[in-house]
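Q: Just so it is clear, I am handing over data_2.cif, which has mmCIF, C-alpha atoms.
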```cif
data_start
loop_
_atom_site.label_atom_id
_atom_site.label_comp_id
_atom_site.auth_asym_id
_atom_site.auth_seq_id
_atom_site.Cartn_x
_atom_site.Cartn_y
_atom_site.Cartn_z
CA MET Z 181 48.56 173.01 86.60
CA LYS Z 182 47.69 169.55 85.30
CA CYS Z 183 45.29 169.26 82.35
CA LEU Z 184 43.16 166.15 81.82
CA VAL Z 185 42.68 165.36 78.12
CA VAL Z 186 39.67 163.15 77.37
CA ASP Z 187 39.21 161.68 73.86
CA ASP Z 188 38.63 158.15 72.55
CA SER Z 189 41.15 158.82 69.75
CA ALA Z 190 44.71 158.22 70.90
CA THR Z 191 46.07 160.34 68.03
CA MET Z 192 43.76 163.21 68.98
CA ARG Z 193 44.95 163.02 72.59
CA ARG Z 194 48.56 163.29 71.40
CA ILE Z 195 47.68 166.30 69.26
CA VAL Z 196 45.92 168.08 72.15
CA VAL Z 197 48.76 167.25 74.56
CA ASN Z 198 51.28 168.64 72.08
CA ALA Z 199 49.17 171.79 71.60
CA LEU Z 200 48.99 172.24 75.39
CA LYS Z 201 52.75 171.89 75.60
CA THR Z 202 53.29 174.60 72.96
CA VAL Z 203 51.11 177.04 74.89
CA GLY Z 204 52.77 176.35 78.21
CA TYR Z 205 50.87 173.50 79.81
CA ALA Z 206 53.29 170.59 79.95
CA GLU Z 207 51.69 168.58 82.76
CA THR Z 208 48.91 166.40 81.43
CA ALA Z 209 46.88 163.23 82.08
CA GLU Z 210 44.79 161.30 79.55
CA ALA Z 211 41.53 159.33 79.49
CA GLY Z 212 39.77 157.45 76.67
CA ASN Z 213 36.20 158.25 77.73
CA GLY Z 214 34.16 160.05 80.36
CA ALA Z 215 34.07 157.14 82.78
CA GLU Z 216 37.87 156.85 82.79
CA ALA Z 217 38.11 160.61 83.25
CA LEU Z 218 35.91 160.54 86.35
CA GLN Z 219 38.31 158.00 87.87
CA LEU Z 220 41.26 160.32 87.24
CA VAL Z 221 39.75 163.63 88.42
CA ASP Z 222 41.28 164.70 91.71
CA GLY Z 223 42.59 167.87 93.31
CA SER Z 224 45.61 167.98 91.00
CA ILE Z 225 43.51 168.52 87.86
CA GLY Z 226 43.08 172.19 87.07
CA LEU Z 227 41.51 171.95 83.61
CA ILE Z 228 39.60 169.31 81.63
CA ILE Z 229 39.61 169.19 77.83
CA THR Z 230 37.05 166.72 76.55
CA ASP Z 231 35.72 165.37 73.26
CA TRP Z 232 31.94 164.88 72.79
CA ASN Z 233 31.40 161.53 71.01
CA MET Z 234 33.07 158.77 73.01
CA PRO Z 235 32.16 155.19 73.95
CA VAL Z 236 31.05 154.19 77.49
CA MET Z 237 30.47 157.83 78.57
CA GLY Z 238 30.47 160.78 76.20
CA GLY Z 239 31.68 164.30 76.88
CA LEU Z 240 28.27 165.78 77.60
CA ASP Z 241 27.53 163.21 80.32
CA LEU Z 242 31.01 163.75 81.76
CA VAL Z 243 30.36 167.50 82.03
CA LYS Z 244 27.00 166.90 83.73
CA GLN Z 245 28.58 164.48 86.21
CA LEU Z 246 31.37 166.92 87.04
CA ARG Z 247 28.98 169.86 87.47
CA GLY Z 248 26.89 167.72 89.82
CA ARG Z 249 29.78 167.26 92.25
CA PRO Z 250 30.66 170.10 94.68
CA GLU Z 251 34.41 169.55 94.27
CA THR Z 252 34.26 169.89 90.46
CA ALA Z 253 31.30 172.26 90.03
CA ALA Z 254 33.62 175.16 89.17
CA LEU Z 255 36.36 173.20 87.38
CA PRO Z 256 37.19 174.74 83.97
CA ILE Z 257 35.93 172.37 81.28
CA LEU Z 258 36.68 172.90 77.60
CA MET Z 259 34.74 170.92 74.99
CA VAL Z 260 36.84 170.19 71.87
CA THR Z 261 34.66 168.58 69.21
CA THR Z 262 33.64 168.49 65.56
CA ARG Z 263 30.05 169.35 66.52
CA SER Z 264 29.21 172.92 65.57
CA VAL Z 265 25.45 173.22 65.08
CA ARG Z 266 23.59 175.66 67.29
CA ASP Z 267 21.59 173.04 69.19
CA ASP Z 268 24.75 171.11 70.11
CA ILE Z 269 26.48 174.24 71.39
CA LEU Z 270 23.47 175.26 73.48
CA GLN Z 271 23.21 171.71 74.82
CA ALA Z 272 26.84 171.87 75.91
CA VAL Z 273 26.30 175.28 77.52
CA GLN Z 274 23.30 173.93 79.42
CA ALA Z 275 25.36 170.97 80.59
CA GLY Z 276 27.86 173.42 82.06
CA ILE Z 277 30.92 173.72 79.82
CA SER Z 278 33.23 176.67 80.38
CA SER Z 279 34.20 177.02 76.73
CA TYR Z 280 34.00 175.28 73.38
CA ILE Z 281 36.44 174.69 70.51
CA VAL Z 282 35.63 173.22 67.11
CA LYS Z 283 38.02 170.73 65.47
CA PRO Z 284 40.29 171.31 63.65
CA PHE Z 285 41.73 173.95 65.98
CA THR Z 286 45.01 175.84 66.23
CA PRO Z 287 47.19 176.07 69.35
CA GLN Z 288 46.49 179.82 69.43
CA VAL Z 289 42.73 179.25 69.70
CA LEU Z 290 43.37 176.71 72.44
CA LYS Z 291 45.57 179.19 74.32
CA ASP Z 292 43.01 182.00 74.00
CA LYS Z 293 40.19 179.80 75.35
CA ILE Z 294 42.29 178.51 78.26
CA ASP Z 295 43.40 182.04 79.14
CA GLN Z 296 39.77 183.20 79.15
CA MET Z 297 38.66 180.30 81.36
CA LEU Z 298 41.48 180.69 83.84
CA ALA Z 299 40.89 184.44 84.03
CA GLY Z 300 37.79 183.53 85.96
CA VAL Z 301 35.07 183.67 83.32
CA ALA Z 302 32.14 181.72 84.82
CA PRO Z 303 30.45 178.94 82.84
CA ALA Z 304 27.94 180.39 80.36
CA ALA Z 305 24.98 178.48 81.84
CA MET L 192 -35.76 144.37 44.09
CA ILE L 193 -35.64 140.71 43.13
CA GLU L 194 -38.91 138.82 43.38
CA ARG L 195 -39.13 136.29 46.14
CA THR L 196 -39.75 133.38 43.77
CA ARG L 197 -36.84 134.30 41.49
CA PHE L 198 -34.57 134.69 44.55
CA ALA L 199 -35.65 131.28 45.80
CA SER L 200 -34.86 129.87 42.36
CA TYR L 201 -31.33 131.38 42.45
CA LEU L 202 -30.76 129.91 45.89
CA ALA L 203 -31.83 126.47 44.76
CA GLU L 204 -29.48 126.59 41.77
CA PHE L 205 -26.60 127.79 43.95
CA GLU L 206 -27.28 125.00 46.45
CA ALA L 207 -27.30 122.43 43.65
CA THR L 208 -24.01 123.79 42.29
CA LEU L 209 -22.41 123.61 45.73
CA THR L 210 -23.63 120.02 46.18
CA LEU L 211 -22.14 119.04 42.84
CA LEU L 212 -18.86 120.75 43.74
CA GLN L 213 -18.79 118.88 47.03
CA GLN L 214 -19.32 115.58 45.21
CA LEU L 215 -16.59 116.51 42.74
CA VAL L 216 -14.12 117.23 45.53
CA SER L 217 -15.02 113.95 47.29
CA CYS L 218 -14.49 112.01 44.05
CA VAL L 219 -11.14 113.68 43.39
CA ARG L 220 -9.99 112.84 46.92
CA ALA L 221 -11.11 109.22 46.54
CA MET L 222 -9.38 108.89 43.16
CA ASP L 223 -6.53 106.48 43.02
CA GLY L 224 -5.50 106.24 39.36
CA ASP L 225 -8.05 106.04 36.58
CA GLY L 226 -11.26 104.15 37.25
CA PRO L 227 -14.96 104.64 37.74
CA GLU L 228 -14.27 107.74 39.89
CA LEU L 229 -12.76 109.55 36.90
CA ALA L 230 -15.90 108.94 34.80
CA ARG L 231 -18.03 110.14 37.71
CA VAL L 232 -15.83 113.29 38.07
CA LEU L 233 -16.21 114.01 34.37
CA ALA L 234 -19.97 113.48 34.52
CA ILE L 235 -20.31 115.85 37.50
CA ALA L 236 -18.10 118.39 35.75
CA GLU L 237 -20.31 118.22 32.61
CA THR L 238 -23.41 118.78 34.79
CA LEU L 239 -21.76 121.79 36.41
CA TYR L 240 -20.75 123.24 33.04
CA ALA L 241 -24.33 122.83 31.79
CA GLN L 242 -25.64 124.75 34.80
CA GLN L 243 -22.81 127.33 34.85
CA PRO L 244 -21.32 127.68 31.33
CA THR L 245 -18.67 130.16 32.49
CA LEU L 246 -17.15 127.39 34.63
CA ARG L 247 -15.64 125.91 31.44
CA GLN L 248 -13.18 128.79 31.42
CA LEU L 249 -12.14 128.14 35.02
CA PRO L 250 -9.49 125.40 34.37
CA GLN L 251 -7.82 127.52 31.70
CA ALA L 252 -7.95 130.58 34.01
CA LEU L 253 -6.48 128.53 36.86
CA HIS L 254 -3.76 127.16 34.60
CA GLU L 255 -2.79 130.66 33.44
CA ALA L 256 -2.88 131.99 37.00
CA TYR L 257 -0.64 129.11 38.11
CA GLY L 258 1.85 130.00 35.37
CA THR L 259 1.88 133.66 36.40
CA ILE L 260 2.24 132.86 40.09
CA ALA L 261 4.99 130.30 39.40
CA GLY L 262 6.84 132.91 37.36
CA ALA L 263 6.46 135.51 40.10
CA LEU L 264 7.67 133.03 42.73
CA GLY L 265 10.68 132.30 40.58
CA ASP L 266 11.45 136.02 40.29
CA ILE L 267 11.05 136.44 44.03
CA ARG L 268 13.40 133.54 44.65
CA VAL L 269 15.99 135.07 42.31
CA SER L 270 15.59 138.50 43.98
CA ARG L 271 16.03 136.99 47.43
CA ASP L 272 19.13 135.05 46.36
CA THR L 273 20.54 138.12 44.58
CA ILE L 274 20.04 140.22 47.70
CA ARG L 275 21.77 137.59 49.82
CA SER L 276 24.62 136.70 47.51
CA HIS L 277 25.42 140.06 45.94
CA ALA L 278 24.04 143.08 47.77
CA LEU L 279 24.58 141.93 51.35
CA ASP L 280 27.97 140.48 50.52
CA ARG L 281 29.12 143.67 48.79
CA LEU L 282 27.82 145.82 51.64
CA HIS L 283 29.71 143.70 54.13
CA ARG L 284 32.92 143.94 52.09
CA THR L 285 32.49 147.72 51.74
CA HIS L 286 32.04 147.96 55.51
CA GLU L 287 35.27 146.02 56.00
CA ARG L 288 37.11 148.27 53.54
CA LEU L 289 35.96 151.38 55.41
CA ALA L 290 37.25 149.89 58.66
CA GLU L 291 40.51 149.08 56.86
CA VAL L 292 40.85 152.69 55.66
CA THR L 293 40.22 154.02 59.18
CA SER L 294 42.81 151.66 60.62
CA ALA L 295 45.36 152.48 57.91
CA THR L 296 45.00 156.25 58.36
CA GLU L 297 45.26 155.84 62.13
CA SER L 298 48.45 153.81 61.78
CA ALA L 299 49.93 156.32 59.36
CA THR L 300 49.00 159.23 61.61
CA THR L 301 50.57 157.51 64.61
CA ALA L 302 53.76 156.98 62.61
CA LEU L 303 53.76 160.66 61.61
CA LEU L 304 53.22 161.74 65.20
CA ASP L 305 56.11 159.54 66.30
CA GLY L 306 58.26 161.12 63.60
CA LEU L 307 57.27 164.60 64.71
CA ASP L 308 58.09 163.81 68.34
CA ARG L 309 61.53 162.54 67.28
CA SER L 310 62.06 165.62 65.10
CA LEU L 311 61.20 167.96 67.97
CA ALA L 312 63.66 166.12 70.22
CA ARG L 313 66.34 166.45 67.52
CA ILE L 314 65.63 170.17 67.15
CA ASP L 315 66.16 170.57 70.90
CA ARG L 316 69.42 168.63 70.64
CA LEU L 317 70.57 170.55 67.56
CA GLU L 318 69.83 173.88 69.28
CA GLN L 319 71.79 172.79 72.35
CA VAL L 320 74.79 171.65 70.30
CA SER L 321 74.74 174.83 68.19
CA LEU L 322 74.59 177.07 71.24
CA GLU L 323 77.46 175.16 72.86
CA ALA L 324 79.43 175.65 69.64
CA GLY L 325 79.01 179.37 69.88
CA GLY L 326 75.72 179.96 68.14
CA GLY L 327 73.58 182.90 69.17
CA ALA L 328 70.14 184.36 68.77
CA ASP L 329 69.85 183.24 65.14
CA VAL L 330 70.26 179.60 66.26
CA ARG L 331 67.45 179.98 68.76
CA ALA L 332 65.26 181.75 66.20
CA LEU L 333 65.85 179.03 63.59
CA ALA L 334 65.20 176.28 66.12
CA GLN L 335 61.92 177.94 67.12
CA GLU L 336 60.90 178.27 63.44
CA LEU L 337 61.48 174.56 63.02
CA ARG L 338 59.47 173.79 66.16
CA ASP L 339 56.61 175.95 64.90
CA GLU L 340 56.62 174.03 61.60
CA MET L 341 56.53 170.70 63.45
CA ASN L 342 53.73 171.90 65.72
CA ASN L 343 51.73 173.07 62.70
CA LEU L 344 52.03 169.57 61.29
CA PHE L 345 50.69 168.20 64.57
CA GLY L 346 47.61 170.34 64.06
CA VAL L 347 47.16 169.22 60.45
CA LEU L 348 46.97 165.60 61.61
CA GLN L 349 43.60 166.35 63.23
CA PHE L 350 42.24 165.33 59.81
CA GLN L 351 42.57 161.69 60.90
CA ASP L 352 40.08 162.07 63.74
CA ILE L 353 37.66 163.94 61.49
CA THR L 354 37.87 161.47 58.61
CA ALA L 355 37.51 158.56 61.07
CA GLN L 356 34.20 160.08 62.19
CA GLN L 357 33.09 160.59 58.58
CA LEU L 358 33.93 156.97 57.81
CA GLY L 359 32.15 155.90 61.00
CA ALA L 360 29.02 157.69 59.80
CA ALA L 361 29.29 156.04 56.37
CA GLY L 362 29.80 152.64 57.99
CA ASP L 363 26.78 153.19 60.24
CA LEU L 364 24.68 154.05 57.17
CA LEU L 365 25.84 150.89 55.42
CA SER L 366 24.95 148.82 58.50
CA GLY L 367 21.47 150.28 58.43
CA VAL L 368 21.05 149.47 54.74
CA GLU L 369 22.39 145.96 55.35
CA GLN L 370 19.87 145.36 58.13
CA ARG L 371 17.00 146.60 56.00
CA LEU L 372 18.05 144.40 53.07
CA GLN L 373 18.20 141.42 55.41
CA SER L 374 14.65 142.23 56.47
CA VAL L 375 13.57 142.34 52.80
CA ALA L 376 15.28 138.99 52.13
CA ALA L 377 13.53 137.53 55.18
CA LEU L 378 10.16 138.79 53.85
CA LEU L 379 10.80 136.83 50.66
CA GLU L 380 11.66 133.66 52.60
CA PRO L 381 9.16 130.89 51.75
CA GLU L 382 9.66 129.19 55.13
CA ARG L 383 8.78 132.36 57.04
CA PRO L 384 6.16 131.46 59.72
CA ALA L 385 2.69 132.82 59.04
CA GLY L 386 2.23 136.18 60.72
CA ALA L 387 5.97 136.76 61.18
CA ARG L 388 6.62 139.96 59.23
CA PRO L 389 9.91 141.75 59.75
CA SER L 390 9.35 145.49 60.01
CA LEU L 391 11.01 147.58 57.32
CA ASP L 392 10.06 150.82 59.05
CA ALA L 393 11.82 150.28 62.36
CA GLU L 394 15.18 152.01 62.83
CA PRO L 395 17.95 149.39 62.44
CA ALA L 396 19.37 148.34 65.80
CA ARG L 397 22.64 150.14 66.64
CA GLN L 398 25.24 148.31 68.66
CA GLY L 399 26.68 150.61 71.32
CA PRO L 400 26.57 154.41 71.69
CA VAL L 401 27.21 156.75 68.76
CA VAL L 402 30.94 157.52 68.68
CA PHE L 403 31.02 159.69 65.59
CA ASP L 404 29.64 163.02 64.44
CA GLU L 405 27.97 162.48 61.06
CA ARG L 406 28.49 166.19 60.31
CA ALA L 407 32.24 166.13 61.06
CA SER L 408 34.18 168.16 58.50
CA THR L 409 37.68 169.48 57.91
CA HIS L 410 36.26 172.51 56.08
CA GLY L 411 35.39 175.94 57.43
CA GLY L 412 36.97 175.51 60.86
CA GLN L 413 37.45 179.23 61.43
CA ALA L 414 33.90 180.16 60.40
CA ARG L 415 32.46 177.45 62.61
CA GLN L 416 34.55 178.61 65.57
CA GLU L 417 33.29 182.17 65.02
CA LEU L 418 29.71 180.87 65.09
CA VAL L 419 30.45 178.98 68.31
CA ASP L 420 31.95 182.10 69.90
CA THR L 421 28.89 184.15 68.94
CA ILE L 422 26.54 181.61 70.47
CA LEU L 423 28.64 181.32 73.63
CA ALA L 424 28.69 185.11 74.04
CA GLU L 425 24.93 185.24 73.52
CA ALA L 426 24.39 182.50 76.10
CA ALA L 427 26.67 184.29 78.57
CA ARG L 428 24.75 187.56 78.09
CA MET L 429 21.43 185.80 78.67
CA ALA L 430 22.79 184.07 81.79
CA ALA L 431 24.03 187.38 83.18
CA ALA L 432 20.83 189.30 82.39
CA PRO L 433 18.78 190.21 85.45
CA VAL L 434 15.66 188.11 85.92
CA GLY L 435 12.36 189.88 85.51
#
```
Would you write the structure of this file as structure tokens?

A:
Amino acid sequence: MKCLVVDDSATMRRIVVNALKTVGYAETAEAGNGAEALQLVDGSIGLIITDWNMPVMGGLDLVKQLRGRPETAALPILMVTTRSVRDDILQAVQAGISSYIVKPFTPQVLKDKIDQMLAGVAPAA
Amino acid sequence: MIERTRFASYLAEFEATLTLLQQLVSCVRAMDGDGPELARVLAIAETLYAQQPTLRQLPQALHEAYGTIAGALGDIRVSRDTIRSHALDRLHRTHERLAEVTSATESATTALLDGLDRSLARIDRLEQVSLEAGGGADVRALAQELRDEMNNLFGVLQFQDITAQQLGAAGDLLSGVEQRLQSVAALLEPERPAGARPSLDAEPARQGPVVFDERASTHGGQARQELVDTILAEAARMAAAPVG
């Protein structure tokens, strides 16, 4: 399964890609913002990991766009961000995220969230 | 209630004073060096003083007011120049230094990531060579321990993204202060067109979308994740609850 990592920070993308590799997901693609990610989403992408604050198109708008398309309405989407206040989390849930990780995270947390999502847990909203 | 006759008397005096003032102004305008106009001005002034004794204090009062206003204008000019030359300049340099710090930490982090990638490749190579030389389970175990250490270091480098956001928030704040100070300096500009008044209340214009989280922090990651998990579970329960 190919994972699409979306973050405007190149170093953060490398860190997430490395974490994915350690937990068994070696096939990845990368995008620097939501607009780039939309261009890359196709049938080969099985999971999207996205940051929130990005230029051009942020993570929240990306999630809303993906949930609005029939072919990506059920795609597992994991938000990985520094935002951790209640309103932000609820906003992300309403947008349609499948799960949410706060930075800084450990590979184990990443693995647990991916396992939960791929086990068929529906989006919280 | 003032009597009608006394009121009429006040009006007549006021009208006479205004007429004399008008003549005084006309004489002053017509003056071109000393001459008969100056004597006429002085005569009119003496007539005015006789009718309104308190007018004698007016030149002194005007002179003192001029001195005060000139002093205030000088202070305003100094404040405006100080804002421009010191405060705005220092803010701009601080902004540049923050950008420099962000760039430097990003470069250093990239170099560390490159080093970690090379180290992981060398661990793989070392493991392979050791196994070919007859090494067993302990070689694999040691190699995996080393990989775990390297991967932990990958995780630690998340600090760079978080500090970049913190610096972005600080830079954004400085930009806002800089814009407001520029508005203050513009208010003190003597050539400012009448009626043009920069607003100090309006939110400074931001260029582009917000690309940082002003609350980003490296502290309390586990506690914050636990809070997130609680909220997600709560939201999932509410979504699954039957309607009605």

Q: Would you write out, as a Markdown table, a table of all residues in chain L that have an atom no more than 7 Å from an atom of chain Z, listing for each the closest atom pair and the distance in Å to one decimal, considering all atoms listed in the file and ordering rows by chain and rising residue number?

A:
```
| residue | atom | partner | partner_atom | distance |
| --- | --- | --- | --- | --- |
| L:Thr301 | CA | Z:Thr191 | CA | 6.3 |
| L:Phe345 | CA | Z:Ile195 | CA | 5.9 |
| L:Gly346 | CA | Z:Thr286 | CA | 6.5 |
| L:Gln349 | CA | Z:Pro284 | CA | 6.0 |
| L:Asp352 | CA | Z:Met192 | CA | 6.5 |
| L:Pro400 | CA | Z:Pro235 | CA | 6.1 |
| L:Val401 | CA | Z:Asn233 | CA | 6.7 |
| L:Val402 | CA | Z:Asn233 | CA | 4.7 |
| L:Phe403 | CA | Z:Asn233 | CA | 5.7 |
| L:Asp404 | CA | Z:Arg263 | CA | 6.7 |
| L:Ala407 | CA | Z:Thr262 | CA | 5.3 |
| L:Thr409 | CA | Z:Pro284 | CA | 6.6 |
| L:Gly412 | CA | Z:Pro284 | CA | 6.0 |
| L:Arg415 | CA | Z:Ser264 | CA | 6.3 |
| L:Gln416 | CA | Z:Val282 | CA | 5.7 |
| L:Val419 | CA | Z:Ser264 | CA | 6.8 |
| L:Leu423 | CA | Z:Ala304 | CA | 6.8 |
| L:Ala426 | CA | Z:Ala304 | CA | 5.9 |
| L:Ala427 | CA | Z:Ala304 | CA | 4.5 |
| L:Ala430 | CA | Z:Ala305 | CA | 6.0 |
```

Q: Separation of atom CA of Z:Ile294 and atom CA of Z:Leu200, in Å?

A: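 Computing it gives 9.6 Å between the two atoms.
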
Q: Which residues come within 9 Å of stretch 355-366 of chain L, counting all atoms listed in the file, excluding same-chain residues fewer than 3 positions away, as a list in words?

A: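 Counting all atoms listed in the file, the residues come to Leu282, His283, Thr285, His286, Glu287, Leu289, Ala290, Val292, Thr293, Ser294, Thr296, Glu297, Phe350, Gln351, Asp352, Glu369, Gln370, Arg371, Pro395, Arg397, Val402, Phe403, Asp404, Glu405, Arg406, Ala407 and Ser408 of chain L.
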
Q: Only C-alpha atoms, please: the residues just picked out, written as a PDB file, in the coordinates of the input.

A:
```
ATOM      1  CA  LEU L 282      27.820 145.820  51.640  1.00  0.00           C
ATOM      2  CA  HIS L 283      29.710 143.700  54.130  1.00  0.00           C
ATOM      3  CA  THR L 285      32.490 147.720  51.740  1.00  0.00           C
ATOM      4  CA  HIS L 286      32.040 147.960  55.510  1.00  0.00           C
ATOM      5  CA  GLU L 287      35.270 146.020  56.000  1.00  0.00           C
ATOM      6  CA  LEU L 289      35.960 151.380  55.410  1.00  0.00           C
ATOM      7  CA  ALA L 290      37.250 149.890  58.660  1.00  0.00           C
ATOM      8  CA  VAL L 292      40.850 152.690  55.660  1.00  0.00           C
ATOM      9  CA  THR L 293      40.220 154.020  59.180  1.00  0.00           C
ATOM     10  CA  SER L 294      42.810 151.660  60.620  1.00  0.00           C
ATOM     11  CA  THR L 296      45.000 156.250  58.360  1.00  0.00           C
ATOM     12  CA  GLU L 297      45.260 155.840  62.130  1.00  0.00           C
ATOM     13  CA  PHE L 350      42.240 165.330  59.810  1.00  0.00           C
ATOM     14  CA  GLN L 351      42.570 161.690  60.900  1.00  0.00           C
ATOM     15  CA  ASP L 352      40.080 162.070  63.740  1.00  0.00           C
ATOM     16  CA  GLU L 369      22.390 145.960  55.350  1.00  0.00           C
ATOM     17  CA  GLN L 370      19.870 145.360  58.130  1.00  0.00           C
ATOM     18  CA  ARG L 371      17.000 146.600  56.000  1.00  0.00           C
ATOM     19  CA  PRO L 395      17.950 149.390  62.440  1.00  0.00           C
ATOM     20  CA  ARG L 397      22.640 150.140  66.640  1.00  0.00           C
ATOM     21  CA  VAL L 402      30.940 157.520  68.680  1.00  0.00           C
ATOM     22  CA  PHE L 403      31.020 159.690  65.590  1.00  0.00           C
ATOM     23  CA  ASP L 404      29.640 163.020  64.440  1.00  0.00           C
ATOM     24  CA  GLU L 405      27.970 162.480  61.060  1.00  0.00           C
ATOM     25  CA  ARG L 406      28.490 166.190  60.310  1.00  0.00           C
ATOM     26  CA  ALA L 407      32.240 166.130  61.060  1.00  0.00           C
ATOM     27  CA  SER L 408      34.180 168.160  58.500  1.00  0.00           C
TER      28      SER L 408
END
```

Q: Which of these, Z:Gly239, Z:Gly248, Z:Pro256, Z:Gly204, has the shortest distance to Z:Glu216 once you count all atoms listed in the file?

A: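 That would be Z:Gly239, the residue with the smallest distance to Z:Glu216.
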
Q: Rounded to one decimal in Å, what is the spacing between atom CA of Z:Ile257 and atom CA of Z:Ile228?

A: 4.8 Å

Q: Got a sec to resolve the PyMOL selection byres ((chain Z and resi 185) around 9) on this structure and send the residues as a PyMOL selection string?

A: chain Z and resi 183-184+186-187+193+196-197+208-212+217+227-231

Q: Skip L:Ala234 itself and residues of its chain fewer than 4 positions away, then list as a list in words all residues within 12 Å of it, counting all atoms listed in the file.

A: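 Selected residues are Leu211, Leu212, Gln214, Leu215, Cys218, Pro227, Glu228, Leu229, Ala230, Thr238, Leu239, Tyr240 and Ala241 of chain L.
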
Q: Could you name the residues that touch Z:Val243 at 8 Å or less, counting all atoms listed in the file, but leaving out those on the same chain fewer than 2 positions away, as JSON, numbers by chain?

A: {"Z": [239, 240, 241, 245, 246, 247, 257, 275, 276, 277]}

Q: Between atom CA of Z:Leu218 and atom CA of L:Leu304, what is the distance, to one decimal in Å?

A: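 These atoms are spaced 27.4 Å apart.
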
Q: Using all atoms listed in the file, which residue out of Z:Glu207, Z:Gly226, Z:Gln271, Z:Gln219 lies closest to Z:Thr252?

A: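 Counting all atoms listed in the file, the residue closest to Z:Thr252 is Z:Gly226.
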
Q: Just checking: using all atoms listed in the file, which residue out of L:Arg316, L:Ile274, L:Pro250, L:Phe205 ends up closest to L:Ser374?

A: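 For L:Ser374, the nearest of the candidates is L:Ile274.
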
Q: For the point (59.6, 166.1, 65.1) in the file's frame, write as a PDB file with C-alpha atoms, in the coordinates of the input all residues with an atom no more than 10 Å away, counting all atoms listed in the file.

A:
```pdb
ATOM      1  CA  LEU L 303      53.760 160.660  61.610  1.00  0.00           C
ATOM      2  CA  LEU L 304      53.220 161.740  65.200  1.00  0.00           C
ATOM      3  CA  ASP L 305      56.110 159.540  66.300  1.00  0.00           C
ATOM      4  CA  GLY L 306      58.260 161.120  63.600  1.00  0.00           C
ATOM      5  CA  LEU L 307      57.270 164.600  64.710  1.00  0.00           C
ATOM      6  CA  ASP L 308      58.090 163.810  68.340  1.00  0.00           C
ATOM      7  CA  ARG L 309      61.530 162.540  67.280  1.00  0.00           C
ATOM      8  CA  SER L 310      62.060 165.620  65.100  1.00  0.00           C
ATOM      9  CA  LEU L 311      61.200 167.960  67.970  1.00  0.00           C
ATOM     10  CA  ALA L 312      63.660 166.120  70.220  1.00  0.00           C
ATOM     11  CA  ARG L 313      66.340 166.450  67.520  1.00  0.00           C
ATOM     12  CA  ILE L 314      65.630 170.170  67.150  1.00  0.00           C
ATOM     13  CA  ASP L 315      66.160 170.570  70.900  1.00  0.00           C
ATOM     14  CA  LEU L 337      61.480 174.560  63.020  1.00  0.00           C
ATOM     15  CA  ARG L 338      59.470 173.790  66.160  1.00  0.00           C
ATOM     16  CA  GLU L 340      56.620 174.030  61.600  1.00  0.00           C
ATOM     17  CA  MET L 341      56.530 170.700  63.450  1.00  0.00           C
ATOM     18  CA  ASN L 342      53.730 171.900  65.720  1.00  0.00           C
ATOM     19  CA  LEU L 344      52.030 169.570  61.290  1.00  0.00           C
ATOM     20  CA  PHE L 345      50.690 168.200  64.570  1.00  0.00           C
TER      21      PHE L 345
END
```
